[in-house]
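Colleague: Structure file protein.txt (compact mmCIF, C-alpha atoms) is given on the next line.
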# COMPACT_ATOMS: atom_id res chain seq x y z
CA MET X 25 -64.48 -287.85 -24.60
CA LYS X 26 -64.91 -284.67 -22.63
CA LYS X 27 -61.98 -283.14 -24.45
CA TYR X 28 -63.59 -283.97 -27.77
CA LEU X 29 -66.89 -282.34 -26.72
CA PHE X 30 -65.08 -279.21 -25.59
CA LEU X 31 -63.32 -278.85 -28.93
CA SER X 32 -66.58 -279.36 -30.77
CA PHE X 33 -68.18 -276.62 -28.69
CA VAL X 34 -65.36 -274.19 -29.44
CA ILE X 35 -65.60 -274.92 -33.15
CA ILE X 36 -69.36 -274.33 -33.15
CA ILE X 37 -68.95 -271.02 -31.33
CA GLY X 38 -66.27 -269.92 -33.77
CA VAL X 39 -68.43 -270.79 -36.76
CA TYR X 40 -71.30 -268.82 -35.21
CA PHE X 41 -69.29 -265.63 -34.82
CA ILE X 42 -67.85 -265.94 -38.29
CA GLY X 43 -71.36 -266.23 -39.69
CA CYS X 44 -72.52 -263.16 -37.77
CA ALA X 45 -69.62 -261.16 -39.02
CA ALA X 46 -70.34 -262.19 -42.57
CA SER X 47 -74.00 -261.22 -42.27
CA ARG X 48 -73.31 -257.63 -41.09
CA PRO X 49 -74.16 -254.80 -43.60
CA LYS X 50 -71.30 -253.23 -45.47
CA LYS X 51 -70.15 -249.75 -44.42
CA THR X 52 -70.96 -246.69 -46.56
CA ALA X 53 -67.39 -245.54 -46.66
CA PRO X 54 -67.28 -245.69 -50.44
CA GLN X 55 -70.28 -243.32 -50.59
CA LYS X 56 -68.56 -240.91 -48.22
CA LYS X 57 -65.44 -241.18 -50.25
CA GLY X 58 -67.45 -240.45 -53.35
CA GLY X 59 -68.98 -237.24 -51.75
CA VAL X 60 -65.55 -235.92 -50.87
CA ASN X 61 -64.43 -236.56 -54.39
CA GLU X 62 -67.35 -234.56 -55.74
CA VAL X 63 -66.54 -231.60 -53.48
CA MET X 64 -62.92 -231.73 -54.49
CA GLU X 65 -63.91 -231.91 -58.13
CA ILE X 66 -66.16 -228.82 -57.80
CA GLN X 67 -63.40 -226.93 -55.99
CA SER X 68 -60.97 -227.92 -58.71
CA LYS X 69 -63.32 -226.62 -61.40
CA LYS X 70 -63.66 -223.30 -59.58
CA GLU X 71 -59.93 -222.93 -59.28
CA LYS X 72 -59.48 -223.76 -62.94
CA GLN X 73 -62.15 -221.19 -63.91
CA LYS X 74 -60.53 -218.59 -61.70
CA ALA X 75 -57.16 -219.32 -63.23
CA LYS X 76 -58.69 -219.07 -66.68
CA ASN X 77 -60.28 -215.69 -65.86
CA THR X 78 -57.02 -214.44 -64.43
CA ALA X 79 -55.17 -215.61 -67.50
CA GLU X 80 -57.68 -213.86 -69.78
CA GLU X 81 -57.43 -210.67 -67.74
CA ASP X 82 -53.65 -210.82 -67.83
CA GLU X 83 -53.80 -211.33 -71.59
CA VAL X 84 -55.97 -208.21 -71.99
CA LEU X 85 -53.64 -206.19 -69.77
CA LYS X 86 -50.70 -207.49 -71.78
CA LEU X 87 -52.33 -206.29 -74.98
CA LEU X 88 -52.84 -202.89 -73.35
CA GLY X 89 -49.25 -202.80 -72.28
CA ILE X 90 -50.00 -203.02 -68.56
CA THR X 91 -47.89 -205.25 -66.36
CA PRO X 92 -49.29 -207.12 -63.31
CA GLU X 93 -47.23 -204.85 -61.06
CA GLU X 94 -48.77 -201.77 -62.64
CA LYS X 95 -52.22 -203.31 -62.19
CA LYS X 96 -51.65 -203.88 -58.47
CA LYS X 97 -50.30 -200.37 -58.10
CA ALA X 98 -53.33 -198.91 -59.89
CA GLU X 99 -55.72 -200.88 -57.68
CA ALA X 100 -53.95 -199.63 -54.56
CA THR X 101 -54.02 -196.06 -55.92
CA ASP X 102 -57.75 -196.32 -56.69
CA THR X 103 -58.49 -197.52 -53.15
CA THR X 104 -56.45 -194.71 -51.64
CA SER X 105 -58.15 -192.19 -53.93
CA VAL X 106 -61.63 -193.38 -52.95
CA VAL X 107 -60.80 -193.17 -49.24
CA ALA X 108 -59.40 -189.66 -49.71
CA GLU X 109 -62.50 -188.54 -51.64
CA GLN X 110 -64.76 -189.94 -48.92
CA LYS X 111 -62.84 -187.99 -46.29
CA GLN X 112 -63.11 -184.82 -48.37
CA LEU X 113 -66.85 -185.30 -48.84
CA LYS X 114 -67.38 -185.87 -45.12
CA ALA X 115 -65.38 -182.74 -44.31
CA LYS X 116 -67.38 -180.73 -46.87
CA ILE X 117 -70.69 -181.99 -45.46
CA ALA X 118 -69.60 -181.07 -41.94
CA GLN X 119 -68.60 -177.60 -43.14
CA LEU X 120 -71.94 -177.09 -44.92
CA GLU X 121 -73.87 -178.21 -41.84
CA GLN X 122 -71.92 -175.76 -39.71
CA GLU X 123 -72.59 -172.93 -42.18
CA LEU X 124 -76.29 -173.85 -42.29
CA ASN X 125 -76.55 -173.77 -38.50
CA SER X 126 -74.83 -170.39 -38.49
CA LYS X 127 -77.25 -169.04 -41.12
CA ASN X 128 -80.25 -170.36 -39.20
CA SER X 129 -78.99 -168.59 -36.09
CA GLU X 130 -78.57 -165.34 -38.03
CA VAL X 131 -82.06 -165.64 -39.52
CA GLY X 132 -83.54 -166.24 -36.08
CA GLN X 133 -81.77 -163.20 -34.70
CA LEU X 134 -82.94 -161.03 -37.62
CA GLN X 135 -86.52 -162.21 -37.15
CA THR X 136 -86.37 -161.30 -33.46
CA GLU X 137 -84.97 -157.86 -34.26
CA MET X 138 -87.58 -157.31 -36.97
CA LYS X 139 -90.38 -158.27 -34.60
CA ALA X 140 -89.07 -155.84 -31.98
CA LYS X 141 -88.89 -153.06 -34.57
CA GLU X 142 -92.43 -153.79 -35.77
CA ASN X 143 -93.73 -153.58 -32.20
CA LYS X 144 -91.86 -150.34 -31.68
CA LEU X 145 -93.26 -148.95 -34.94
CA LYS X 146 -96.80 -149.85 -33.89
CA LYS X 147 -96.34 -148.08 -30.57
CA LEU X 148 -94.99 -145.00 -32.34
CA GLU X 149 -97.92 -145.03 -34.76
CA ASP X 150 -100.36 -145.24 -31.87
CA MET X 151 -98.61 -142.34 -30.15
CA LEU X 152 -98.66 -140.31 -33.36
CA ILE X 153 -102.38 -140.87 -33.80
CA SER X 154 -103.00 -139.86 -30.21
CA LEU X 155 -100.91 -136.69 -30.57
CA LYS X 156 -102.64 -135.70 -33.79
CA SER X 157 -106.02 -136.33 -32.24
CA ASN X 158 -105.07 -134.24 -29.25
CA GLN X 159 -103.95 -131.37 -31.46
CA GLN X 160 -107.13 -131.57 -33.49
CA SER X 161 -109.20 -131.58 -30.34
CA SER X 162 -107.55 -128.45 -29.00
CA SER X 163 -107.69 -126.50 -32.27
CA TYR X 164 -111.22 -127.60 -33.04
CA GLY X 165 -112.41 -126.61 -29.60
CA GLU X 166 -110.97 -123.12 -29.95
CA SER X 167 -112.15 -122.44 -33.50
CA ALA X 168 -115.63 -123.89 -33.13
CA ARG X 169 -116.35 -122.25 -29.82
CA PRO X 170 -119.00 -119.50 -30.16
CA THR X 171 -118.55 -116.14 -28.42
CA LYS X 172 -121.78 -116.49 -26.47
CA ALA X 173 -121.80 -118.57 -23.30
CA GLN X 174 -118.01 -118.50 -23.43
CA PRO X 175 -117.43 -118.96 -19.67
CA ALA X 176 -119.35 -122.26 -19.58
CA ARG X 177 -117.56 -123.64 -22.64
CA SER X 178 -114.21 -122.50 -21.30
CA THR X 179 -114.94 -124.38 -18.11
CA PHE X 180 -115.82 -127.54 -20.10
CA LYS X 181 -112.65 -127.21 -22.17
CA ALA X 182 -110.54 -126.79 -19.06
CA LYS X 183 -112.05 -129.92 -17.55
CA TYR X 184 -111.57 -131.76 -20.83
CA GLU X 185 -107.88 -130.87 -21.03
CA LYS X 186 -107.40 -131.90 -17.42
CA VAL X 187 -108.94 -135.32 -18.07
CA LEU X 188 -106.90 -135.66 -21.25
CA GLN X 189 -103.78 -135.27 -19.14
CA LEU X 190 -104.90 -138.32 -17.16
CA TYR X 191 -104.94 -140.27 -20.41
CA GLU X 192 -101.49 -139.02 -21.34
CA LYS X 193 -100.26 -140.16 -17.93
CA ARG X 194 -101.68 -143.60 -18.73
CA GLN X 195 -104.31 -143.39 -16.03
CA TYR X 196 -106.79 -144.92 -18.45
CA LYS X 197 -109.46 -146.16 -16.05
CA THR X 198 -109.68 -142.80 -14.31
CA ALA X 199 -109.72 -141.04 -17.68
CA ILE X 200 -112.66 -143.20 -18.83
CA GLN X 201 -114.62 -142.32 -15.72
CA LYS X 202 -113.92 -138.58 -16.03
CA PHE X 203 -114.70 -138.43 -19.76
CA ARG X 204 -118.05 -140.12 -19.10
CA GLN X 205 -118.80 -137.54 -16.43
CA LEU X 206 -118.07 -134.74 -18.90
CA LEU X 207 -120.45 -136.31 -21.43
CA GLN X 208 -123.16 -136.52 -18.80
CA GLU X 209 -122.64 -132.86 -17.92
CA ASN X 210 -122.91 -131.67 -21.51
CA PRO X 211 -123.18 -134.10 -24.42
CA ASN X 212 -123.59 -131.35 -27.03
CA THR X 213 -120.38 -129.33 -26.88
CA SER X 214 -117.78 -129.14 -29.62
CA LEU X 215 -115.57 -131.41 -27.52
CA SER X 216 -118.18 -134.03 -26.65
CA ASP X 217 -117.23 -136.24 -29.59
CA ASN X 218 -113.60 -135.91 -28.50
CA CYS X 219 -114.52 -137.17 -25.03
CA GLN X 220 -116.18 -140.18 -26.62
CA TYR X 221 -113.16 -140.79 -28.85
CA TRP X 222 -110.73 -140.76 -25.91
CA ILE X 223 -112.90 -143.21 -24.04
CA GLY X 224 -112.31 -145.57 -26.98
CA GLU X 225 -108.59 -144.78 -26.95
CA SER X 226 -108.42 -145.56 -23.23
CA TYR X 227 -110.02 -148.97 -23.70
CA TYR X 228 -107.67 -149.61 -26.62
CA SER X 229 -104.66 -148.78 -24.45
CA LEU X 230 -105.99 -151.13 -21.77
CA GLY X 231 -106.08 -153.93 -24.34
CA GLN X 232 -109.89 -154.20 -24.17
CA TYR X 233 -110.30 -154.09 -27.93
CA ASN X 234 -113.91 -155.27 -28.17
CA GLN X 235 -115.04 -152.51 -25.83
CA ALA X 236 -112.81 -150.05 -27.67
CA ILE X 237 -114.65 -150.85 -30.93
CA VAL X 238 -118.00 -150.19 -29.23
CA GLU X 239 -116.79 -146.81 -27.95
CA PHE X 240 -115.21 -145.76 -31.25
CA GLU X 241 -118.45 -146.54 -33.09
CA LYS X 242 -120.31 -144.15 -30.76
CA VAL X 243 -118.22 -141.29 -32.19
CA PHE X 244 -120.34 -141.49 -35.36
CA THR X 245 -123.46 -140.57 -33.37
CA PHE X 246 -122.14 -137.02 -32.94
CA PRO X 247 -123.03 -134.76 -35.89
CA ASN X 248 -120.15 -133.16 -37.81
CA SER X 249 -117.53 -134.85 -35.67
CA ASN X 250 -113.90 -134.19 -36.51
CA LYS X 251 -112.93 -137.57 -35.03
CA GLU X 252 -114.73 -139.87 -37.45
CA ASP X 253 -111.71 -140.76 -39.59
CA ALA X 254 -109.54 -141.33 -36.50
CA ALA X 255 -112.25 -143.50 -34.95
CA GLN X 256 -112.59 -145.49 -38.18
CA LEU X 257 -108.84 -146.09 -38.23
CA LYS X 258 -108.82 -147.26 -34.61
CA ILE X 259 -111.71 -149.63 -35.27
CA GLY X 260 -109.58 -151.31 -37.93
CA MET X 261 -106.57 -151.41 -35.61
CA SER X 262 -108.70 -152.93 -32.84
CA TYR X 263 -109.82 -155.70 -35.17
CA MET X 264 -106.17 -156.27 -36.07
CA LYS X 265 -105.35 -156.72 -32.39
CA LEU X 266 -108.19 -159.23 -32.13
CA GLY X 267 -106.83 -161.16 -35.10
CA ASN X 268 -109.91 -160.50 -37.24
CA LYS X 269 -108.17 -159.62 -40.50
CA LYS X 270 -111.34 -159.48 -42.59
CA ARG X 271 -113.09 -156.88 -40.43
CA ALA X 272 -109.85 -154.96 -40.04
CA ALA X 273 -109.51 -154.76 -43.84
CA ASP X 274 -113.16 -153.69 -44.16
CA ALA X 275 -112.61 -150.91 -41.63
CA PHE X 276 -109.48 -149.61 -43.37
CA ASN X 277 -111.15 -149.73 -46.80
CA THR X 278 -114.12 -147.82 -45.38
CA LEU X 279 -111.75 -145.13 -44.13
CA ILE X 280 -110.11 -144.85 -47.55
CA GLU X 281 -113.44 -144.69 -49.41
CA ARG X 282 -115.38 -142.50 -47.00
CA TYR X 283 -112.62 -140.06 -46.02
CA PRO X 284 -110.36 -139.72 -49.10
CA LYS X 285 -108.70 -136.56 -47.74
CA SER X 286 -107.94 -137.98 -44.31
CA GLU X 287 -104.38 -137.75 -43.05
CA TYR X 288 -104.72 -141.35 -41.81
CA ILE X 289 -105.09 -142.91 -45.28
CA PRO X 290 -101.32 -143.58 -45.75
CA LEU X 291 -101.25 -145.37 -42.41
CA ALA X 292 -104.41 -147.32 -43.26
CA LYS X 293 -102.82 -148.48 -46.52
CA ARG X 294 -99.67 -149.61 -44.74
CA LEU X 295 -101.75 -151.55 -42.24
CA LEU X 296 -103.72 -153.13 -45.08
CA ASN X 297 -100.48 -154.41 -46.58
CA ARG X 298 -99.70 -156.18 -43.30
CA LEU X 299 -102.91 -158.20 -43.37
Re-express the file's structure as structure tokens.
Modeller:
Amino acid sequence: MKKYLFLSFVIIIGVYFIGCAASRPKKTAPQKKGGVNEVMEIQSKKEKQKAKNTAEEDEVLKLLGITPEEKKKAEATDTTSVVAEQKQLKAKIAQLEQELNSKNSEVGQLQTEMKAKENKLKKLEDMLISLKSNQQSSSYGESARPTKAQPARSTFKAKYEKVLQLYEKRQYKTAIQKFRQLLQENPNTSLSDNCQYWIGESYYSLGQYNQAIVEFEKVFTFPNSNKEDAAQLKIGMSYMKLGNKKRAADAFNTLIERYPKSEYIPLAKRLLNRL
């Protein structure tokens, strides 16, 4: 009896597991298999298309009389040619850059040399103006000096020339002081306007251009002065030093219009061209 019950139990358990197995969902392997087939089909189509294109290309080359070997050789030659051209272009660019740097260096050097020459020319022009003014002062003092009261005027001229030497020695501050003393002693001599002019020149040489302009303008207060054109020129040059191109141009144009026979007109025109 017990044996019969045990067998019945085993049979029931077996039936149960068989039923569970039968009720499980089916695997999706067929779907996966179908996806792989699709990929393989697409790949196959691509290969067929590629083969077709290759065949068409070979047919065209055949019509042109070009063999596959010649095609491969031409492709290799083209690649080599492109690489060679790229190398040549890079070398040419490097060469041009080097030449450009060299030219820039030369231009910079020329600009430096030109600037130095311009500064030297300006200094020479200033010296020339000073020398001419000095010569005019000496000749004017001798020719305009009257015969009467000659000892007093000779004394003034001697003092004037002594102070002028201070200017020529670049002792500008002392020269300014001494020229002012001479003007206080006698503001009405033939050399008084020259004293005033050299006061302006001294301030100009000191780089005090605003004060130089003030002093040069005082030259015009002396009647019949022989330093007016020189003072007008230096006013323009002082404005140039200050960077005021408009007033500098006005001063040079005034010199040209007011003193058409002045020896400083050529210089004034050259300075105008620099503005």
Colleague: Which residues, written as an MDAnalysis selection string, have at least one atom at most 12 Å from Ile223 in chain X, with only C-alpha atoms counted and residues fewer than 2 positions away on the same chain left out?
Modeller: chainID X and resid 184 187:188 190:191 195:207 216:221 225:230 232:233 235:243 255
Colleague: Report, as AutoDock Vina command-line options, the axis-aligned box around all atoms of range 219-225 of chain X present in the file, extended by 3 Å on each side; give centre and edge lengths in Å to one decimal place.
Modeller:
--center_x -112.4 --center_y -141.4 --center_z -26.4 --size_x 13.6 --size_y 14.4 --size_z 10.8
Colleague: Considering all atoms listed in the file, state which residue in the set X:Gly89, X:Lys114, X:Ser68, X:Lys183 is at the smallest distance from Asn210 in chain X.
Modeller: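 The shortest atom-to-atom distance to Asn210 in chain X comes from X:Lys183.
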Colleague: How many Å separate CA of Ala79 in chain X from CA of Val63 in chain X?
Modeller: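 For CA of Ala79 in chain X relative to CA of Val63 in chain X, the distance reads 24.1 Å.
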Colleague: Between CA of Ala272 in chain X and CA of Arg294 in chain X, what is the distance, to one decimal in Å?
Modeller: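 Calculated distance between CA of Ala272 in chain X and CA of Arg294 in chain X is 12.4 Å.
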Colleague: So that I can see what lies close to Thr278 in chain X, please list as an MDAnalysis selection string the residues with an atom at most 9 Å from it, counting all atoms listed in the file and leaving out residues fewer than 5 positions away in the same chain.
Modeller: chainID X and resid 256 273 283
Colleague: From the set X:Leu120, X:Ala75, X:Ala292, X:Ala100, which residue has the shortest atom-to-atom contact distance to Gly260 in chain X, counting only C-alpha atoms?
Modeller: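 Of X:Leu120, X:Ala75, X:Ala292, X:Ala100, the one nearest Gly260 in chain X is X:Ala292, counting only C-alpha atoms.
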Colleague: Figure out the distance between CA of Lys97 in chain X and CA of Leu113 in chain X, please, to one decimal in Å.
Modeller: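 CA of Lys97 in chain X lies 24.2 Å from CA of Leu113 in chain X.
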